[in-house]
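Raw work_24.cif, mmCIF, C-alpha atoms:
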```
data_work
#
loop_
_atom_site.label_atom_id
_atom_site.label_comp_id
_atom_site.auth_asym_id
_atom_site.auth_seq_id
_atom_site.Cartn_x
_atom_site.Cartn_y
_atom_site.Cartn_z
CA MET U 1 -61.53 -121.05 113.99
CA THR U 2 -61.02 -118.29 116.54
CA PRO U 3 -63.95 -115.95 117.24
CA ILE U 4 -64.31 -113.06 114.78
CA THR U 5 -65.04 -109.42 115.54
CA ILE U 6 -68.42 -108.28 114.29
CA THR U 7 -69.07 -104.64 113.43
CA LYS U 8 -71.93 -102.81 111.77
CA GLU U 9 -69.84 -102.84 108.58
CA ASN U 10 -69.34 -106.62 108.41
CA PHE U 11 -72.54 -107.75 110.12
CA ASP U 12 -74.38 -108.49 106.86
CA SER U 13 -71.56 -110.39 105.22
CA GLU U 14 -70.23 -112.28 108.25
CA VAL U 15 -73.49 -112.99 110.10
CA LEU U 16 -76.60 -112.65 107.93
CA GLN U 17 -75.02 -114.19 104.81
CA SER U 18 -72.92 -116.82 106.58
CA LYS U 19 -73.35 -120.39 105.36
CA LEU U 20 -72.70 -121.73 108.86
CA PRO U 21 -74.77 -120.74 111.89
CA VAL U 22 -73.19 -117.81 113.73
CA LEU U 23 -73.17 -117.54 117.50
CA VAL U 24 -72.92 -113.81 118.27
CA GLU U 25 -71.95 -112.60 121.71
CA PHE U 26 -72.72 -109.02 122.74
CA TRP U 27 -70.06 -108.08 125.26
CA ALA U 28 -67.93 -105.27 126.65
CA PRO U 29 -64.45 -105.16 128.16
CA TRP U 30 -65.75 -104.04 131.58
CA CYS U 31 -68.20 -106.94 131.91
CA GLY U 32 -67.07 -109.59 134.39
CA TYR U 33 -69.46 -112.30 133.25
CA CYS U 34 -68.42 -111.72 129.64
CA ARG U 35 -64.84 -112.50 130.58
CA ARG U 36 -65.96 -115.66 132.35
CA ILE U 37 -67.54 -117.08 129.19
CA THR U 38 -64.69 -116.03 126.90
CA PRO U 39 -62.75 -119.31 127.37
CA VAL U 40 -65.94 -121.27 126.64
CA LEU U 41 -66.61 -119.36 123.42
CA ASP U 42 -63.01 -119.97 122.35
CA GLN U 43 -63.47 -123.69 123.03
CA LEU U 44 -66.77 -123.83 121.14
CA ALA U 45 -65.24 -122.05 118.15
CA LYS U 46 -62.51 -124.68 118.04
CA GLN U 47 -64.54 -127.75 119.01
CA TYR U 48 -67.38 -127.08 116.52
CA ASP U 49 -65.12 -125.63 113.85
CA ASP U 50 -67.06 -127.18 110.95
CA GLN U 51 -70.52 -126.47 112.37
CA LEU U 52 -70.39 -123.00 113.82
CA VAL U 53 -68.84 -119.55 113.60
CA VAL U 54 -68.42 -117.52 116.78
CA GLY U 55 -68.62 -113.74 116.49
CA LYS U 56 -68.29 -111.00 119.06
CA VAL U 57 -69.91 -107.56 119.18
CA ASN U 58 -68.31 -105.02 121.52
CA ILE U 59 -71.32 -102.90 122.50
CA ASP U 60 -69.14 -99.93 123.46
CA GLU U 61 -67.85 -99.77 119.89
CA GLN U 62 -71.05 -100.92 118.16
CA PRO U 63 -73.95 -99.02 119.76
CA GLU U 64 -75.99 -99.38 116.54
CA LEU U 65 -75.94 -103.17 116.76
CA GLU U 66 -76.65 -103.03 120.50
CA GLU U 67 -79.71 -100.91 119.81
CA ARG U 68 -80.83 -102.92 116.79
CA PHE U 69 -81.07 -106.06 118.93
CA GLY U 70 -82.26 -104.28 122.05
CA VAL U 71 -79.47 -105.70 124.17
CA GLU U 72 -80.15 -104.67 127.78
CA ILE U 73 -77.72 -106.85 129.64
CA ILE U 74 -74.50 -108.57 128.72
CA PRO U 75 -73.36 -111.12 127.92
CA THR U 76 -76.28 -111.77 125.55
CA LEU U 77 -75.88 -114.47 122.91
CA TYR U 78 -77.82 -114.83 119.65
CA LEU U 79 -77.63 -117.66 117.16
CA PHE U 80 -78.15 -116.68 113.52
CA ARG U 81 -79.19 -119.38 111.05
CA GLY U 82 -79.73 -118.33 107.47
CA GLY U 83 -79.95 -114.70 108.54
CA GLU U 84 -82.58 -115.37 111.22
CA ALA U 85 -81.89 -114.58 114.86
CA SER U 86 -82.82 -117.12 117.52
CA GLU U 87 -84.24 -116.35 120.94
CA PRO U 88 -81.26 -114.94 122.84
CA ILE U 89 -79.69 -116.44 125.91
CA VAL U 90 -78.55 -114.04 128.65
CA ASN U 91 -75.56 -114.69 130.88
CA PRO U 92 -75.41 -118.47 130.47
CA GLY U 93 -74.09 -120.29 133.53
CA SER U 94 -72.30 -123.18 131.90
CA LYS U 95 -70.78 -124.46 128.70
CA ALA U 96 -73.44 -127.18 128.69
CA GLN U 97 -76.20 -124.57 128.78
CA ILE U 98 -74.79 -122.80 125.72
CA GLU U 99 -74.45 -126.10 123.85
CA ALA U 100 -78.04 -127.10 124.65
CA TRP U 101 -79.37 -123.68 123.63
CA ALA U 102 -77.37 -123.71 120.36
CA GLY U 103 -78.41 -127.30 119.60
CA LEU U 104 -74.80 -128.52 119.47
CA MET A 105 -65.76 -144.87 132.41
CA LYS A 106 -62.65 -142.84 133.17
CA SER A 107 -61.56 -143.04 136.78
CA TYR A 108 -59.43 -140.84 139.01
CA ASP A 109 -58.02 -140.81 142.51
CA VAL A 110 -59.58 -137.41 143.05
CA ILE A 111 -62.47 -135.64 141.33
CA VAL A 112 -62.83 -131.97 142.18
CA VAL A 113 -66.23 -130.47 141.41
CA GLY A 114 -65.86 -126.74 140.76
CA GLY A 115 -62.87 -124.74 139.51
CA GLY A 116 -62.70 -121.81 141.92
CA PRO A 117 -59.78 -121.06 144.25
CA GLY A 118 -60.73 -123.91 146.62
CA GLY A 119 -61.07 -126.46 143.85
CA TYR A 120 -57.90 -125.56 142.01
CA THR A 121 -55.82 -125.39 145.18
CA ALA A 122 -57.02 -128.88 146.10
CA ALA A 123 -56.18 -130.06 142.57
CA LEU A 124 -52.73 -128.46 142.75
CA TYR A 125 -51.94 -130.31 145.97
CA THR A 126 -53.36 -133.70 144.96
CA ALA A 127 -51.71 -133.56 141.53
CA ARG A 128 -48.38 -132.65 143.13
CA SER A 129 -48.80 -135.68 145.39
CA GLY A 130 -49.01 -137.84 142.31
CA LEU A 131 -52.74 -138.53 142.53
CA SER A 132 -54.68 -138.61 139.27
CA THR A 133 -56.92 -135.55 139.47
CA LEU A 134 -59.87 -134.31 137.46
CA VAL A 135 -61.46 -130.87 137.87
CA LEU A 136 -65.00 -130.55 136.52
CA GLU A 137 -65.80 -126.91 135.86
CA LYS A 138 -69.07 -125.80 134.25
CA LEU A 139 -67.91 -122.45 132.85
CA SER A 140 -64.37 -121.22 133.41
CA ALA A 141 -61.75 -121.15 136.13
CA GLY A 142 -62.09 -118.87 139.12
CA GLY A 143 -65.71 -119.21 140.15
CA GLN A 144 -67.20 -116.14 141.83
CA MET A 145 -63.70 -114.71 142.08
CA ALA A 146 -63.51 -114.45 138.28
CA THR A 147 -66.15 -111.70 138.20
CA THR A 148 -64.14 -109.50 140.57
CA SER A 149 -61.95 -107.04 138.72
CA THR A 150 -59.59 -106.34 141.60
CA ILE A 151 -58.90 -108.54 144.61
CA ASP A 152 -57.06 -106.49 147.22
CA ASN A 153 -56.91 -109.00 150.05
CA TYR A 154 -55.16 -112.00 148.52
CA PRO A 155 -51.62 -111.94 149.86
CA GLY A 156 -48.70 -111.41 147.52
CA PHE A 157 -50.37 -108.80 145.30
CA PRO A 158 -49.77 -105.35 146.82
CA ASP A 159 -51.42 -103.66 143.84
CA GLY A 160 -54.36 -106.06 143.80
CA VAL A 161 -54.94 -108.86 141.35
CA ASP A 162 -57.60 -109.39 138.69
CA GLY A 163 -59.90 -112.23 139.81
CA PHE A 164 -60.31 -113.66 136.33
CA ASP A 165 -56.55 -113.72 135.72
CA LEU A 166 -55.91 -115.28 139.13
CA GLY A 167 -58.40 -118.04 138.28
CA GLN A 168 -56.69 -118.73 134.97
CA GLN A 169 -53.32 -118.87 136.71
CA MET A 170 -54.59 -121.26 139.37
CA GLU A 171 -55.89 -123.53 136.60
CA GLN A 172 -52.55 -123.42 134.78
CA GLN A 173 -50.62 -124.10 137.97
CA ALA A 174 -52.71 -127.20 138.77
CA GLN A 175 -52.45 -128.29 135.14
CA LYS A 176 -48.66 -127.97 135.21
CA TYR A 177 -48.56 -130.74 137.84
CA GLY A 178 -50.93 -132.97 135.92
CA ALA A 179 -54.45 -132.01 137.01
CA GLU A 180 -56.91 -132.38 134.14
CA THR A 181 -59.84 -130.00 133.60
CA ILE A 182 -63.02 -130.94 131.77
CA TYR A 183 -65.64 -128.26 131.11
CA GLY A 184 -68.80 -130.06 132.03
CA GLU A 185 -71.84 -129.38 134.15
CA VAL A 186 -72.36 -131.88 136.95
CA THR A 187 -75.92 -133.15 136.92
CA GLY A 188 -75.78 -135.64 139.77
CA MET A 189 -73.55 -137.87 141.84
CA ASP A 190 -73.50 -141.17 143.69
CA LEU A 191 -71.36 -140.51 146.75
CA HIS A 192 -72.11 -143.73 148.62
CA THR A 193 -70.77 -146.13 146.01
CA GLU A 194 -67.19 -147.38 145.72
CA PRO A 195 -65.83 -145.69 143.66
CA LYS A 196 -68.02 -142.60 143.73
CA ILE A 197 -69.65 -141.66 140.42
CA ILE A 198 -70.06 -138.14 139.07
CA HIS A 199 -72.61 -137.63 136.28
CA SER A 200 -72.01 -134.67 133.98
CA SER A 201 -72.86 -133.18 130.60
CA GLU A 202 -69.53 -134.64 129.41
CA GLY A 203 -70.34 -138.14 130.66
CA ASP A 204 -69.81 -140.11 133.88
CA PHE A 205 -66.56 -140.19 135.85
CA ALA A 206 -65.45 -142.43 138.70
CA GLY A 207 -63.53 -141.00 141.64
CA ARG A 208 -62.04 -142.78 144.65
CA THR A 209 -62.45 -139.47 146.45
CA VAL A 210 -64.54 -136.40 145.66
CA ILE A 211 -63.81 -132.82 146.66
CA LEU A 212 -66.86 -130.59 146.42
CA ALA A 213 -65.89 -126.99 145.59
CA THR A 214 -69.17 -125.82 144.12
CA GLY A 215 -69.32 -122.43 145.83
CA ALA A 216 -72.39 -120.29 146.19
CA TYR A 217 -74.59 -118.07 144.04
CA PRO A 218 -76.46 -114.83 144.82
CA ARG A 219 -79.66 -115.16 146.83
CA GLU A 220 -82.77 -113.89 145.06
CA LEU A 221 -85.37 -111.56 146.54
CA GLY A 222 -88.10 -114.10 145.91
CA ILE A 223 -90.73 -111.51 145.03
CA SER A 224 -93.10 -111.15 142.11
CA GLY A 225 -91.64 -109.89 138.83
CA GLU A 226 -88.04 -110.61 139.78
CA GLN A 227 -87.46 -113.23 137.09
CA GLU A 228 -89.03 -111.29 134.20
CA LEU A 229 -87.18 -108.10 135.20
CA ARG A 230 -83.77 -109.81 135.20
CA GLY A 231 -81.76 -107.79 132.75
CA LYS A 232 -84.50 -105.16 132.73
CA GLY A 233 -83.47 -103.42 135.89
CA VAL A 234 -82.94 -106.33 138.27
CA ALA A 235 -79.28 -107.30 138.60
CA TYR A 236 -77.02 -109.28 140.93
CA CYS A 237 -73.51 -108.14 140.02
CA ALA A 238 -72.57 -104.47 140.12
CA THR A 239 -69.21 -104.88 138.41
CA CYS A 240 -70.91 -106.85 135.63
CA ASP A 241 -73.99 -104.77 134.93
CA GLY A 242 -73.22 -101.44 136.57
CA MET A 243 -72.20 -99.74 133.33
CA MET A 244 -75.75 -100.24 132.04
CA PHE A 245 -76.90 -97.79 134.70
CA ARG A 246 -74.54 -94.91 133.95
CA GLY A 247 -76.11 -91.62 135.10
CA LYS A 248 -79.19 -93.37 136.47
CA THR A 249 -80.73 -94.01 139.87
CA VAL A 250 -80.24 -97.40 141.47
CA VAL A 251 -81.05 -99.22 144.68
CA VAL A 252 -78.61 -101.66 146.25
CA ASN A 253 -80.31 -104.11 148.60
CA GLY A 254 -78.25 -105.60 151.43
CA GLY A 255 -75.92 -104.67 154.27
CA GLY A 256 -72.87 -106.92 153.96
CA ASN A 257 -69.53 -106.33 152.29
CA THR A 258 -70.88 -107.22 148.84
CA ALA A 259 -73.75 -104.73 149.11
CA VAL A 260 -71.48 -101.95 150.30
CA GLU A 261 -68.84 -102.66 147.66
CA ASP A 262 -71.57 -102.63 145.04
CA ALA A 263 -72.96 -99.33 146.34
CA LEU A 264 -69.51 -97.73 146.27
CA TYR A 265 -68.79 -99.03 142.78
CA LEU A 266 -72.15 -97.79 141.48
CA SER A 267 -71.80 -94.41 143.19
CA ARG A 268 -68.97 -93.63 140.76
CA LEU A 269 -71.21 -94.33 137.76
CA CYS A 270 -74.76 -93.50 138.78
CA ALA A 271 -76.52 -90.22 139.47
CA LYS A 272 -77.97 -91.54 142.74
CA VAL A 273 -77.45 -94.68 144.81
CA TYR A 274 -79.66 -95.84 147.66
CA LEU A 275 -78.52 -98.62 149.98
CA VAL A 276 -81.52 -100.40 151.44
CA HIS A 277 -80.82 -102.55 154.50
CA ARG A 278 -83.22 -104.39 156.76
CA ARG A 279 -81.27 -103.60 159.94
CA ASP A 280 -80.18 -100.35 161.61
CA GLN A 281 -76.49 -101.02 161.09
CA LEU A 282 -74.25 -102.53 158.45
CA ARG A 283 -72.58 -105.91 158.69
CA ALA A 284 -69.89 -104.57 156.37
CA SER A 285 -66.39 -103.66 157.53
CA ALA A 286 -66.16 -100.30 159.27
CA VAL A 287 -63.69 -99.03 156.69
CA TYR A 288 -66.52 -98.89 154.16
CA ARG A 289 -68.88 -96.75 156.21
CA LYS A 290 -66.94 -93.52 155.80
CA ALA A 291 -66.54 -94.13 152.09
CA LEU A 292 -70.31 -94.48 151.69
CA ASP A 293 -70.87 -91.08 153.26
CA GLU A 294 -68.14 -89.52 151.16
CA GLN A 295 -69.63 -90.93 147.98
CA GLY A 296 -73.08 -89.60 148.83
CA VAL A 297 -74.77 -93.00 149.06
CA GLU A 298 -78.11 -92.60 150.83
CA ILE A 299 -78.75 -95.39 153.31
CA VAL A 300 -82.35 -96.46 153.95
CA TRP A 301 -82.32 -98.31 157.28
CA ASN A 302 -84.71 -100.95 158.64
CA SER A 303 -86.26 -101.58 155.27
CA ARG A 304 -86.87 -104.44 152.93
CA VAL A 305 -87.94 -104.54 149.31
CA THR A 306 -91.51 -105.82 149.09
CA ALA A 307 -92.46 -105.13 145.46
CA LEU A 308 -90.99 -104.18 142.10
CA ARG A 309 -92.67 -101.48 140.00
CA LYS A 310 -92.48 -101.81 136.24
CA GLU A 311 -93.63 -100.64 132.88
CA ASN A 312 -91.49 -102.31 130.24
CA ARG A 313 -88.66 -102.42 132.70
CA LEU A 314 -88.11 -101.61 136.35
CA THR A 315 -89.33 -98.15 137.33
CA GLY A 316 -89.10 -98.35 141.10
CA VAL A 317 -89.36 -100.41 144.25
CA GLU A 318 -91.74 -100.57 147.18
CA LEU A 319 -90.03 -100.57 150.56
CA GLU A 320 -91.45 -101.61 153.90
CA ASN A 321 -90.06 -100.35 157.17
CA VAL A 322 -89.62 -103.53 159.20
CA LYS A 323 -90.10 -101.67 162.50
CA THR A 324 -93.18 -99.58 161.71
CA GLY A 325 -94.68 -101.50 158.79
CA GLU A 326 -94.84 -98.23 156.89
CA LYS A 327 -94.54 -98.49 153.09
CA ARG A 328 -92.83 -96.10 150.72
CA GLU A 329 -92.09 -95.94 147.02
CA LEU A 330 -88.65 -95.26 145.60
CA ALA A 331 -88.29 -94.43 141.90
CA SER A 332 -85.33 -96.33 140.52
CA ASP A 333 -83.96 -97.55 137.19
CA GLY A 334 -82.27 -100.55 138.74
CA ILE A 335 -81.95 -102.73 141.77
CA PHE A 336 -78.81 -104.64 142.64
CA VAL A 337 -79.65 -107.55 144.90
CA ALA A 338 -76.85 -108.32 147.39
CA ILE A 339 -78.66 -110.07 150.23
CA GLY A 340 -76.32 -112.99 150.64
CA ARG A 341 -75.45 -116.19 148.87
CA VAL A 342 -76.86 -119.65 148.59
CA PRO A 343 -74.51 -122.66 148.70
CA ASP A 344 -74.67 -124.72 145.53
CA THR A 345 -75.44 -128.21 146.84
CA ALA A 346 -78.42 -129.28 144.73
CA MET A 347 -76.39 -131.87 142.82
CA ALA A 348 -75.52 -133.73 146.04
CA ALA A 349 -78.94 -133.30 147.65
CA GLY A 350 -79.80 -135.88 150.28
CA GLN A 351 -76.41 -137.59 150.15
CA LEU A 352 -74.51 -135.74 152.84
CA GLU A 353 -75.14 -133.66 155.90
CA LEU A 354 -76.00 -129.98 155.38
CA ASP A 355 -76.60 -127.30 158.01
CA GLN A 356 -79.84 -125.34 158.19
CA ALA A 357 -78.65 -122.75 155.69
CA GLY A 358 -77.69 -125.49 153.23
CA TYR A 359 -73.91 -125.48 153.70
CA ILE A 360 -72.07 -128.80 153.69
CA VAL A 361 -71.10 -129.68 157.25
CA ALA A 362 -67.33 -130.16 157.48
CA ASP A 363 -64.64 -128.94 159.84
CA GLU A 364 -61.11 -127.75 159.11
CA THR A 365 -60.20 -131.19 157.74
CA CYS A 366 -62.92 -130.61 155.11
CA ARG A 367 -64.23 -134.14 155.75
CA THR A 368 -67.98 -134.36 155.18
CA SER A 369 -70.40 -136.87 156.67
CA VAL A 370 -69.53 -139.24 153.80
CA PRO A 371 -66.09 -140.94 153.99
CA GLY A 372 -63.93 -139.94 151.04
CA VAL A 373 -65.99 -136.85 150.25
CA PHE A 374 -64.62 -133.43 151.16
CA ALA A 375 -66.02 -129.90 150.96
CA VAL A 376 -63.92 -126.77 150.37
CA GLY A 377 -64.51 -123.06 150.04
CA ASP A 378 -67.80 -121.20 150.23
CA VAL A 379 -69.93 -124.34 150.17
CA ARG A 380 -68.50 -125.53 153.52
CA THR A 381 -69.71 -124.48 156.99
CA LYS A 382 -67.21 -121.85 158.10
CA ALA A 383 -66.99 -118.36 159.53
CA VAL A 384 -65.00 -116.48 156.89
CA ARG A 385 -65.60 -116.94 153.16
CA GLN A 386 -62.69 -115.43 151.27
CA VAL A 387 -60.44 -116.42 148.38
CA VAL A 388 -57.61 -117.12 150.81
CA THR A 389 -59.75 -119.32 153.10
CA ALA A 390 -61.06 -121.26 150.10
CA ALA A 391 -57.47 -121.86 148.99
CA ALA A 392 -56.54 -122.96 152.51
CA ASP A 393 -59.42 -125.46 152.47
CA GLY A 394 -58.07 -126.85 149.22
CA ALA A 395 -54.74 -127.71 150.83
CA ASN A 396 -56.45 -129.28 153.84
CA ALA A 397 -58.85 -131.34 151.76
CA ALA A 398 -56.01 -132.59 149.57
CA HIS A 399 -54.08 -133.72 152.64
CA PHE A 400 -57.00 -135.64 154.12
CA ALA A 401 -58.03 -137.06 150.74
CA GLU A 402 -54.52 -138.43 150.37
CA GLU A 403 -54.71 -139.89 153.88
CA TYR A 404 -58.06 -141.51 153.04
CA LEU A 405 -56.60 -143.05 149.86
CA MET A 406 -53.65 -144.52 151.78
CA ASP A 407 -56.07 -146.16 154.22
CA HIS A 408 -58.33 -147.50 151.44
CA VAL A 409 -55.94 -149.07 148.97
#
```

Written as structure tokens, how would this file's structure read?
Amino acid sequence: MTPITITKENFDSEVLQSKLPVLVEFWAPWCGYCRRITPVLDQLAKQYDDQLVVGKVNIDEQPELEERFGVEIIPTLYLFRGGEASEPIVNPGSKAQIEAWAGL
Amino acid sequence: MKSYDVIVVGGGPGGYTAALYTARSGLSTLVLEKLSAGGQMATTSTIDNYPGFPDGVDGFDLGQQMEQQAQKYGAETIYGEVTGMDLHTEPKIIHSSEGDFAGRTVILATGAYPRELGISGEQELRGKGVAYCATCDGMMFRGKTVVVNGGGNTAVEDALYLSRLCAKVYLVHRRDQLRASAVYRKALDEQGVEIVWNSRVTALRKENRLTGVELENVKTGEKRELASDGIFVAIGRVPDTAMAAGQLELDQAGYIVADETCRTSVPGVFAVGDVRTKAVRQVVTAAADGANAAHFAEEYLMDHV
């Protein structure tokens, strides 16, 4: 599946109530490091299609979600399992690091 | 174990140029990239000094295009993190998060990463005021006061970029002149960037996040406090050679010793781009290295059938 766009309107239904774990990236269009991990997130969404959903929060458009999770730097990634947020990972340096953090 | 004529470690401009040339020569080529194509270049929004793009080119897009171009001629890319290598065996073995790969030749294109200040609190304040990439994190400091530490082109570019977003930008440099190109100096004055000469950052002040920095004048030893919401560290780069530690010759700063041929101290192992000993580290010189390394890798393979 391709990554889905997460907003404050669909956050509950797509993230908190999701049956699969949801990897949520907080990002913005002006963020260079966010662009660098975009291909990796696309690959993960495809490669772990049956294990994981990838969602993206644009902090410029979703300041409420940015504030709710206290995101101070981007890209910040959270993994939600059964509505619970994991410890975040900030600006991961490799695909392998994201996989290890997400337990994939 | 899958084996290749050429394994390129790192998918920046040096790595993908090497892969383009070796693949076009009919050599089986693997690029191992840990994140995505482009390397450091991919975080630069506009590259104005790569020839052929009079209006500048987006570094991320250029990286993607270099990957596609190498791919078109048969170079394979695997997104894996290299964890170690055996460069003295025949063939050479590369260990990665995606498994082991055998290469008759290896081209190291691992690049460099930003040098840290190495002072107390730096790690815990990462993302809470301490940053290393102005174009990445600058927007978080809109309307605020920031310090840029360094005196090279990166520091000055960062200061200029931030001066368009922030209320106040200080440029703290340990010398009494900049190493940056002269063209930047005038722009700094025009943008109202305040330069603090002969100073280094000796401590970070914090509450929940960074609140300021302590500076020391390196000539007089005098200390001063500067209130600041952020510090952008731009004091140089460190070559990424940990994965090949102890297996080939490095210079004192940690760069892989290799001349224009890109041959390292180990036969069949080449170094390209920012990780190699050289005077000018630019996208175009990394790309040039890639072509040279490919040529001499091919020569090596012909002599070692």

Find the spatial neighbours of U:Tyr33, counting all atoms listed in the file, within a cut-off of 10 Å - ignore same-chain residues fewer than 4 positions away - and output them as a compact mmCIF listing (two decimals) with C-alpha atoms, in the frame of the given file.
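Written out: around.txt:
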```
# COMPACT_ATOMS: atom_id res chain seq x y z
CA TRP U 27 -70.06 -108.08 125.26
CA ALA U 28 -67.93 -105.27 126.65
CA ILE U 37 -67.54 -117.08 129.19
CA THR U 38 -64.69 -116.03 126.90
CA ILE U 74 -74.50 -108.57 128.72
CA PRO U 75 -73.36 -111.12 127.92
CA ASN U 91 -75.56 -114.69 130.88
CA PRO U 92 -75.41 -118.47 130.47
CA GLY U 93 -74.09 -120.29 133.53
CA GLN A 144 -67.20 -116.14 141.83
CA ALA A 146 -63.51 -114.45 138.28
CA THR A 147 -66.15 -111.70 138.20
CA THR A 148 -64.14 -109.50 140.57
CA PHE A 164 -60.31 -113.66 136.33
CA CYS A 237 -73.51 -108.14 140.02
CA THR A 239 -69.21 -104.88 138.41
CA CYS A 240 -70.91 -106.85 135.63
CA ASP A 241 -73.99 -104.77 134.93
```

**OP:** Could you list, as number ranges by chain, the residues of chain A having an atom within 10 Å of chain U when counting only C-alpha atoms?
**Re:** A: 137-149, 163-165, 167-168, 183-186, 200-202, 230-233, 235, 237-244

Original post:
Of the candidates U:Gly103, U:Gly70, U:Pro63, U:Pro21, which one gets nearest to U:Gly83 if we count only C-alpha atoms?
Top reply: U:Pro21

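Coordinates place atom CA of A:Glu261 at a distance of 29.3 Å from atom CA of A:Asp363.
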
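The two atoms in question, atom CA of A:Ala291 and atom CA of A:Ser303, are spaced 21.3 Å apart.
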
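A straight line drawn from atom CA of A:Asp159 to atom CA of A:Asn396 is 28.0 Å long.
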
**OP:** Using the chain letters and residue numbers of this document, give as number ranges by chain the residues selected by the PyMOL selection byres ((chain A and resi 273-281) around 9).
**Re:** A: 248-255, 259-260, 263-264, 266-267, 270-272, 282-284, 296-305, 319, 321-322, 339

**OP:** Rank nothing, just name the residue among A:Gly178, A:Pro343, A:Gly222, A:Gly115 nearest to A:Arg380, using all atoms listed in the file.
**Re:** A:Pro343

Expected answer as a PDB file with C-alpha atoms, keeping the file's coordinate frame: all residues with atoms within 10 Å of (-62.2, -113.3, 151.8), all atoms listed in the file:
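out.pdb, written as the output of this step:
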```pdb
ATOM      1  CA  MET A 145     -63.700-114.710 142.080  1.00  0.00           C
ATOM      2  CA  ILE A 151     -58.900-108.540 144.610  1.00  0.00           C
ATOM      3  CA  ASP A 152     -57.060-106.490 147.220  1.00  0.00           C
ATOM      4  CA  ASN A 153     -56.910-109.000 150.050  1.00  0.00           C
ATOM      5  CA  TYR A 154     -55.160-112.000 148.520  1.00  0.00           C
ATOM      6  CA  ASP A 378     -67.800-121.200 150.230  1.00  0.00           C
ATOM      7  CA  VAL A 384     -65.000-116.480 156.890  1.00  0.00           C
ATOM      8  CA  ARG A 385     -65.600-116.940 153.160  1.00  0.00           C
ATOM      9  CA  GLN A 386     -62.690-115.430 151.270  1.00  0.00           C
ATOM     10  CA  VAL A 387     -60.440-116.420 148.380  1.00  0.00           C
ATOM     11  CA  VAL A 388     -57.610-117.120 150.810  1.00  0.00           C
ATOM     12  CA  THR A 389     -59.750-119.320 153.100  1.00  0.00           C
ATOM     13  CA  ALA A 390     -61.060-121.260 150.100  1.00  0.00           C
TER      14      ALA A 390
END
```

**OP:** On this file, the PyMOL selection byres ((chain A and resi 306) around 9) gives some set of residues; write that set as a PyMOL selection string.
**Re:** chain A and resi 221+223-224+304-305+307-308+317-320+327

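Among the candidates U:Leu79, U:Ala85, U:Met1, U:Leu41, the residue lying nearest to U:Ala102 is U:Leu79 (atoms considered: only C-alpha atoms).
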
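This file, filtered with the PyMOL selection byres ((chain A and resi 346-355) around 7), gives the residues A:Thr187, A:Gly188, A:Met189, A:Leu191, A:Asp344, A:Thr345, A:Gln356, A:Ala357, A:Gly358, A:Tyr359, A:Ile360, A:Val361, A:Ser369, A:Val370.
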
Original post:
So which residues touch U:Glu67 within 12 Å, counting all atoms listed in the file, skipping near sequence neighbours fewer than 5 positions away, as number ranges by chain?
Top reply: U: 8, 26, 57, 59-62, 72-73
